[in-house]
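Engineer: Here it is: the structure, laid out below.
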Protein chains: 2
Amino acid sequence: MLEHIYKLFKTFIYLFSMKKYTIKDIAQLAGVSKGTVDRVIHNRGKVSKNAFDRVSKLLKEIDYQPNPIARNLKNNKIYRIHVLLPDPEKDKYWEPCIDGIEEAIQEFLHFGVSIEKVFFNPFDKRSFERQSAGVLRESPDGILLVPLFQKESLVFIEKCEALGVSYFLFNSNIEKIETQGFVGQDLFQSGRVGAQLIHKSLKKNAVIAVIHIDEVFKNATHMQEKEKGFRAYFNDLEGDDFQIDTYKLKHRNSDNLKKTVKYFIDTHPEISGAFVTNSKIHLLAALLRENNPERCIVGYDLLSENVRYLKSGTINFLIHQNPKRQAYLGLVFLIEHFLFNRDIPSVKHLPIDIINSENVSTYLDS
Amino acid sequence: MLEHIYKLFKTFIYLFSMKKYTIKDIAQLAGVSKGTVDRVIHNRGKVSKNAFDRVSKLLKEIDYQPNPIARNLKNNKIYRIHVLLPDPEKDKYWEPCIDGIEEAIQEFLHFGVSIEKVFFNPFDKRSFERQSAGVLRESPDGILLVPLFQKESLVFIEKCEALGVSYFLFNSNIEKIETQGFVGQDLFQSGRVGAQLIHKSLKKNAVIAVIHIDEVFKNATHMQEKEKGFRAYFNDLEGDDFQIDTYKLKHRNSDNLKKTVKYFIDTHPEISGAFVTNSKIHLLAALLRENNPERCIVGYDLLSENVRYLKSGTINFLIHQNPKRQAYLGLVFLIEHFLFNRDIPSVKHLPIDIINSENVSTYLDS
DNA sequence: CTTATAAATGTGCTCGAGCACATTTTTTAT
DNA sequence: ATAAAAAATGTGCTCGAGCACATTTATAAG
């Protein structure tokens, strides 16, 4: 019996403390109507100073948070967001982004959000200019984009700002402080991570190569930032001396590149550590002959080809940039900005995941 | 002008294809009332075969998904979930779980969910029995728990099943196939990851130690599973030969343990690789004298003490079990089960994060 | 064929926020 | 003092799902 009363009491206390206040509750407490409370919350004016003070004091005290469920129930407006990213057909690195985008679409299906994907050719600035102009002509509410081409992206962003269109960047950032928001990896730091992995795996005085592979040498800052971090790590070391050389393997078509890489490997047998600054590491791995335990090859991204060489032991480590999550989070930030007017984070750095042949499978299915 | 018409047309097509069907729409299409549609959706019966077929055909065709926003708006029921986990005061490993739980609470604040934390002493089976019994007496709708003590947890789970209380496990699993659900790391595989990290960092024929440190030797399966994976990795190697020994450093109080560890280190100077199977690795690291680049020390978890030794170079790698995310995801699964009757995943393995001194900071703030 | 009973179907309210519009109160002008 | 204008406040409907209850239709019994 006593226990029963005690339980009732606990339930009461619980309900009391967990009370979720509604506009109606606050109206009652302040002795006004819910219309007035609504006007205070949204600063719509037409409220006497007296009522305003009383209500806003209550709002603060109670830490009122509107019920997001009810808030969006009526929501007539459909927010249109365009995602401007490199065509995954042209560069497989971008494939997982599609999944991330689809996930966000699914999650916000009933929240009055429409998301459209727009691809541009990552090897063609013109394509970016064309597609970005097309996006702007549709005047969406928000734009999530990969600013692969620095200069052109800056122009585009300025147009967005002029038109008052919200935007958010992912994967690569651009050097402009007033940028509205960015989600991606700290590239400098990821270079340091690669450096430590190689450093700890090699003997002293080993010869190490930083290798930039790409069809055309665009997207330079992205890869250079990684190199900076890589070199900074080795500069910070005191005792050890390593020789670090940078190689740029550019090309116009893949046959050409194959030859270039092959020639590079043949003419540099002394190299025992290699840091490839993008997902093209499989091109290098494909041409390495036997697996040498004295060697350490580190690159980026979980492309299926890279994963194959990782599992076979040719590649020692991959750094995971998680493009899927980048795209997903970028969308979530934009959507929550529109729907719940949360403020967009200026820079969100994702974890720098270190992948070897033993943990790779645990990253592939999520 | 033509462009204008084209734009209108596109908007129309868009709205048409993205049409979110409501119960009302379906009722209209099927020529019945929304009440009937509702009865079909929830299999409440009292529907003629004719109407049932017509409606369910439409539901399938349209791939109707109820608006989760509206669905929970009314929701009178408050789902009560209790989280049963080791007291973070007694073992700091569990601290991040609190954040994960708070995050879930915040996220589902307005969805009619109440979450309560219940701690037990991880060094005292009795405490678990007492606290778990207390939880059951409250008869919550769901329970998220860490089955630290295998046998006792099994008994508890059986009681849950008898009472029809939903439950979900995290961090450690128990050997029982019919278990309702588990989120955590694949411990065997994480042992393999640790093994590869040590393997690649050491010379051939190095002497390696698997070290189990704990106040009392409970939680055995957890650590043993890691050791199994560790040894399996080395067994799979063909050429290389490594000597691997297991040491159990138990103790009753921390002074005692310090001595034990010290004695262990002094009497085993030949060991160059060490794999500590839990977060207690800082106890070992604290007693290692100079940093030896020929040495490789690998352990678990981002306790602040472990992170300090990782940054200073005494510890080479930590494997991150992400207890925060485990707790968070466990709750999300339970809540979505109640709210949207999603089915609970039977086993959800989280990524096995490899942490070194360069990427550790990118894991700490998220 | 009528009435009783069961089965099937429809109606209308609820939840909380938001907003248009109706109503009341206050201020200003004549 | 009174009417007109302006400011402040209140009211009532909307959104979609869910559910109790009202109503209609079909079936069985007398």
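Identifiers in this document derive from the order of the structure tokens: chains are assigned A, B, ..., residues are numbered from 1 separately in each chain, and ligands are numbered from 1 in order of occurrence.
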Report as a ChimeraX atom specification the set of chain A residues whose atoms approach chain B to within 7 Å, with distances computed over only C-alpha atoms.

Structural biologist: /A:67,69-70,73,110,192-193,200-201,350-354,358-359,362-363

Engineer: Only C-alpha atoms, please: the residues just picked out, written as a PDB file, in the first residue's frame.

Structural biologist:
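The result, stored in again.pdb:
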```
ATOM      1  CA  ASN A  67       7.523  20.957 -30.767  1.00  0.00           C
ATOM      2  CA  ILE A  69       6.630  17.785 -34.988  1.00  0.00           C
ATOM      3  CA  ALA A  70       3.699  20.117 -34.804  1.00  0.00           C
ATOM      4  CA  LEU A  73       2.863  19.607 -39.748  1.00  0.00           C
ATOM      5  CA  HIS A 110       7.611  14.159 -44.903  1.00  0.00           C
ATOM      6  CA  ARG A 192      49.936  14.450 -40.776  1.00  0.00           C
ATOM      7  CA  VAL A 193      48.091  11.207 -40.091  1.00  0.00           C
ATOM      8  CA  LYS A 200      56.295   4.465 -37.832  1.00  0.00           C
ATOM      9  CA  SER A 201      56.410   1.749 -40.449  1.00  0.00           C
ATOM     10  CA  LEU A 350      34.880  14.757 -39.638  1.00  0.00           C
ATOM     11  CA  PRO A 351      37.046  12.140 -37.955  1.00  0.00           C
ATOM     12  CA  ILE A 352      40.079  11.067 -39.960  1.00  0.00           C
ATOM     13  CA  ASP A 353      39.555   7.326 -40.209  1.00  0.00           C
ATOM     14  CA  ILE A 354      42.597   5.105 -40.534  1.00  0.00           C
ATOM     15  CA  GLU A 358      41.555  -5.744 -40.886  1.00  0.00           C
ATOM     16  CA  ASN A 359      39.079  -2.956 -40.147  1.00  0.00           C
ATOM     17  CA  THR A 362      33.645  -2.565 -40.686  1.00  0.00           C
ATOM     18  CA  TYR A 363      33.531   0.688 -42.650  1.00  0.00           C
TER      19      TYR A 363
END
```

Engineer: Could you list, as a list in words, every residue within 8 Å of stretch 4-19 of chain C, counting only C-alpha atoms (C1' of nucleotides) and ignoring same-chain residues fewer than 5 positions away?

Structural biologist: Thr22, Ile23, Asp38, Pro66, Asn67, Ala70, Arg71 and Lys74 of chain A; Val32, Ser33, Gly35, Thr36, Lys46, Val47, Ser48, Leu73, Lys74 and Asn75 of chain B; DA22, DT23, DT24, DT25, DA26, DT27, DA28 and DA29 of chain D

Engineer: Which residues come within 9 Å of B:Phe119, counting only C-alpha atoms (C1' of nucleotides), excluding same-chain residues fewer than 5 positions away, as a PDB file with N, CA and C atoms, in the first residue's frame?

Structural biologist:
```pdb
ATOM      1  N   VAL B  83      18.057   2.686 -18.983  1.00  0.00           N
ATOM      2  CA  VAL B  83      19.387   2.277 -19.438  1.00  0.00           C
ATOM      3  C   VAL B  83      20.160   1.765 -18.232  1.00  0.00           C
ATOM      4  N   LEU B  84      20.569   0.524 -18.322  1.00  0.00           N
ATOM      5  CA  LEU B  84      21.254  -0.127 -17.210  1.00  0.00           C
ATOM      6  C   LEU B  84      22.717  -0.276 -17.587  1.00  0.00           C
ATOM      7  N   LEU B  85      23.563   0.526 -16.969  1.00  0.00           N
ATOM      8  CA  LEU B  85      24.986   0.485 -17.360  1.00  0.00           C
ATOM      9  C   LEU B  85      25.889   0.668 -16.144  1.00  0.00           C
ATOM     10  N   PRO B  86      27.156   0.298 -16.284  1.00  0.00           N
ATOM     11  CA  PRO B  86      28.098   0.437 -15.168  1.00  0.00           C
ATOM     12  C   PRO B  86      28.265   1.900 -14.767  1.00  0.00           C
ATOM     13  N   ASP B  87      28.472   2.111 -13.498  1.00  0.00           N
ATOM     14  CA  ASP B  87      28.636   3.458 -12.963  1.00  0.00           C
ATOM     15  C   ASP B  87      29.919   4.100 -13.507  1.00  0.00           C
ATOM     16  N   PRO B  88      29.788   5.202 -14.237  1.00  0.00           N
ATOM     17  CA  PRO B  88      30.976   5.871 -14.784  1.00  0.00           C
ATOM     18  C   PRO B  88      31.939   6.344 -13.698  1.00  0.00           C
ATOM     19  N   SER B 127      25.432  -5.934  -7.110  1.00  0.00           N
ATOM     20  CA  SER B 127      24.925  -4.613  -7.478  1.00  0.00           C
ATOM     21  C   SER B 127      24.106  -4.700  -8.752  1.00  0.00           C
ATOM     22  N   PHE B 128      24.619  -5.462  -9.717  1.00  0.00           N
ATOM     23  CA  PHE B 128      23.876  -5.626 -10.966  1.00  0.00           C
ATOM     24  C   PHE B 128      22.527  -6.271 -10.704  1.00  0.00           C
ATOM     25  N   GLN B 131      20.187  -3.732  -8.982  1.00  0.00           N
ATOM     26  CA  GLN B 131      19.721  -2.654  -9.852  1.00  0.00           C
ATOM     27  C   GLN B 131      18.814  -3.170 -10.967  1.00  0.00           C
TER      28      GLN B 131
END
```

Engineer: How close does chain D get to chain A? List, as CSV, each residue of chain D within 9 Å, its nearest atom pair and the distance in Å to one decimal, counting only C-alpha atoms (C1' of nucleotides).

Structural biologist:
```
residue,atom,partner,partner_atom,distance
D:DA7,C1',A:Lys46,CA,6.7
D:DA8,C1',A:Val47,CA,6.0
D:DT9,C1',A:Thr36,CA,6.7
D:DG10,C1',A:Ser33,CA,6.1
D:DT11,C1',A:Gly35,CA,8.9
D:DT14,C1',A:Lys74,CA,6.7
D:DC15,C1',A:Lys74,CA,3.9
D:DG16,C1',A:Leu73,CA,7.6
```

Engineer: Write a file of the selected residues as a tab-separated table (two decimals), in the first residue's frame, keeping C-alpha atoms (C1' of nucleotides).

Structural biologist:
```
chain	number	residue	atom	x	y	z
D	7	DA	C1'	-2.57	49.07	-31.46
D	8	DA	C1'	-3.17	45.01	-28.85
D	9	DT	C1'	-5.21	40.77	-28.04
D	10	DG	C1'	-8.13	36.74	-28.86
D	11	DT	C1'	-10.33	33.12	-31.86
D	14	DT	C1'	-5.19	24.14	-40.81
D	15	DC	C1'	-1.98	20.28	-41.22
D	16	DG	C1'	-2.18	14.01	-41.00
```

Engineer: So that I can check the surroundings of B:Lys262, please list as a tab-separated table (two decimals) with C-alpha atoms, in the first residue's frame every protein, DNA and RNA residue that reaches within 10 Å of it, counting only C-alpha atoms (C1' of nucleotides) and ignoring chain neighbours fewer than 4 positions away.

Structural biologist:
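Saved to selection_37.tsv:
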```tsv
chain	number	residue	atom	x	y	z
B	257	LEU	CA	47.95	-3.45	-9.14
B	258	LYS	CA	50.65	-0.85	-9.57
B	266	ASP	CA	60.80	-5.35	-14.76
B	267	THR	CA	60.76	-9.08	-15.21
B	283	LEU	CA	48.28	1.73	-15.97
B	284	LEU	CA	50.90	0.01	-18.06
B	286	ALA	CA	52.47	5.06	-16.74
B	287	LEU	CA	55.21	2.67	-15.71
B	288	LEU	CA	57.10	2.42	-18.97
```

Engineer: Please list as a ChimeraX atom specification every residue within 9 Å of stretch 297-307 of chain B, counting only C-alpha atoms (C1' of nucleotides) and excluding residues in the same chain fewer than 2 positions away.

Structural biologist: /B:92-93,194-195,197-198,272-283,285,295,309-312,314-323,355,357,360,363-364

Engineer: Which distance in Å separates atom CA of A:Ser346 and atom CA of A:Tyr79, to one decimal?

Structural biologist: 21.2 Å

Engineer: For a test of reading the model, state the distance in Å between atom CA of A:Ala104 and atom CA of A:Arg80, rounded to one decimal.

Structural biologist: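 Atom CA of A:Arg80 lies at a distance of 13.2 Å from atom CA of A:Ala104.
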
Engineer: Would you compute the distance between atom CA of B:Ile335 and atom C1' of D:DG18? Give it in Å to one decimal.

Structural biologist: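 According to the coordinates, atom CA of B:Ile335 and atom C1' of D:DG18 are separated by 19.1 Å.
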
Engineer: Run DSSP on the backbone and give me the residues of stretch 246-337 of chain A it puts in alpha helix (DSSP H), as number ranges by chain.

Structural biologist: A: 254-267, 281-285, 304-312, 323-337

Engineer: Restrict the selected residues to C-alpha atoms and save them as a compact mmCIF listing (two decimals), in the first residue's frame.

Structural biologist:
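Contents of out.txt, as written:
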```
# COMPACT_ATOMS: atom_id res chain seq x y z
CA SER A 254 44.61 6.76 -68.75
CA ASP A 255 47.00 4.96 -71.15
CA ASN A 256 49.35 7.83 -70.94
CA LEU A 257 49.13 7.78 -67.14
CA LYS A 258 49.85 4.10 -66.90
CA LYS A 259 53.11 4.63 -68.75
CA THR A 260 53.97 7.61 -66.61
CA VAL A 261 53.43 5.68 -63.41
CA LYS A 262 55.30 2.65 -64.71
CA TYR A 263 58.25 4.80 -65.69
CA PHE A 264 58.17 6.48 -62.31
CA ILE A 265 58.27 3.17 -60.46
CA ASP A 266 61.08 1.78 -62.58
CA THR A 267 63.23 4.83 -62.22
CA ILE A 281 46.39 5.20 -55.40
CA HIS A 282 45.14 2.03 -57.10
CA LEU A 283 46.87 3.19 -60.29
CA LEU A 284 50.15 3.02 -58.45
CA ALA A 285 49.33 -0.16 -56.55
CA SER A 304 36.61 -0.88 -54.43
CA GLU A 305 39.89 -1.05 -56.31
CA ASN A 306 41.77 0.54 -53.44
CA VAL A 307 40.15 -1.86 -51.01
CA ARG A 308 41.28 -4.80 -53.14
CA TYR A 309 44.91 -3.69 -52.99
CA LEU A 310 44.55 -2.96 -49.29
CA LYS A 311 43.31 -6.47 -48.64
CA SER A 312 46.02 -8.04 -50.79
CA PRO A 323 32.18 11.34 -48.72
CA LYS A 324 28.85 9.69 -47.96
CA ARG A 325 28.66 11.19 -44.52
CA GLN A 326 29.91 14.52 -45.77
CA ALA A 327 27.05 14.80 -48.25
CA TYR A 328 24.55 13.53 -45.71
CA LEU A 329 25.62 15.93 -42.98
CA GLY A 330 25.76 18.86 -45.35
CA LEU A 331 22.16 18.24 -46.30
CA VAL A 332 21.08 17.77 -42.72
CA PHE A 333 22.62 21.10 -41.73
CA LEU A 334 20.87 22.91 -44.56
CA ILE A 335 17.54 21.24 -43.89
CA GLU A 336 17.65 21.87 -40.15
CA HIS A 337 18.53 25.45 -40.92
```

Engineer: For C:DT30, find every residue with an atom within 10 Å (counting only C-alpha atoms (C1' of nucleotides)), except residues of its own chain fewer than 4 positions away, and show them as an mmCIF file with C-alpha atoms (C1' of nucleotides), in the first residue's frame.

Structural biologist:
```
data_model
loop_
_atom_site.group_PDB
_atom_site.id
_atom_site.type_symbol
_atom_site.label_atom_id
_atom_site.label_comp_id
_atom_site.auth_asym_id
_atom_site.auth_seq_id
_atom_site.Cartn_x
_atom_site.Cartn_y
_atom_site.Cartn_z
ATOM 1 C "C1'" DT D 2 -17.293 61.204 -29.722
ATOM 2 C "C1'" DA D 3 -15.767 59.192 -33.778
ATOM 3 C "C1'" DA D 4 -12.008 57.340 -36.231
#
```
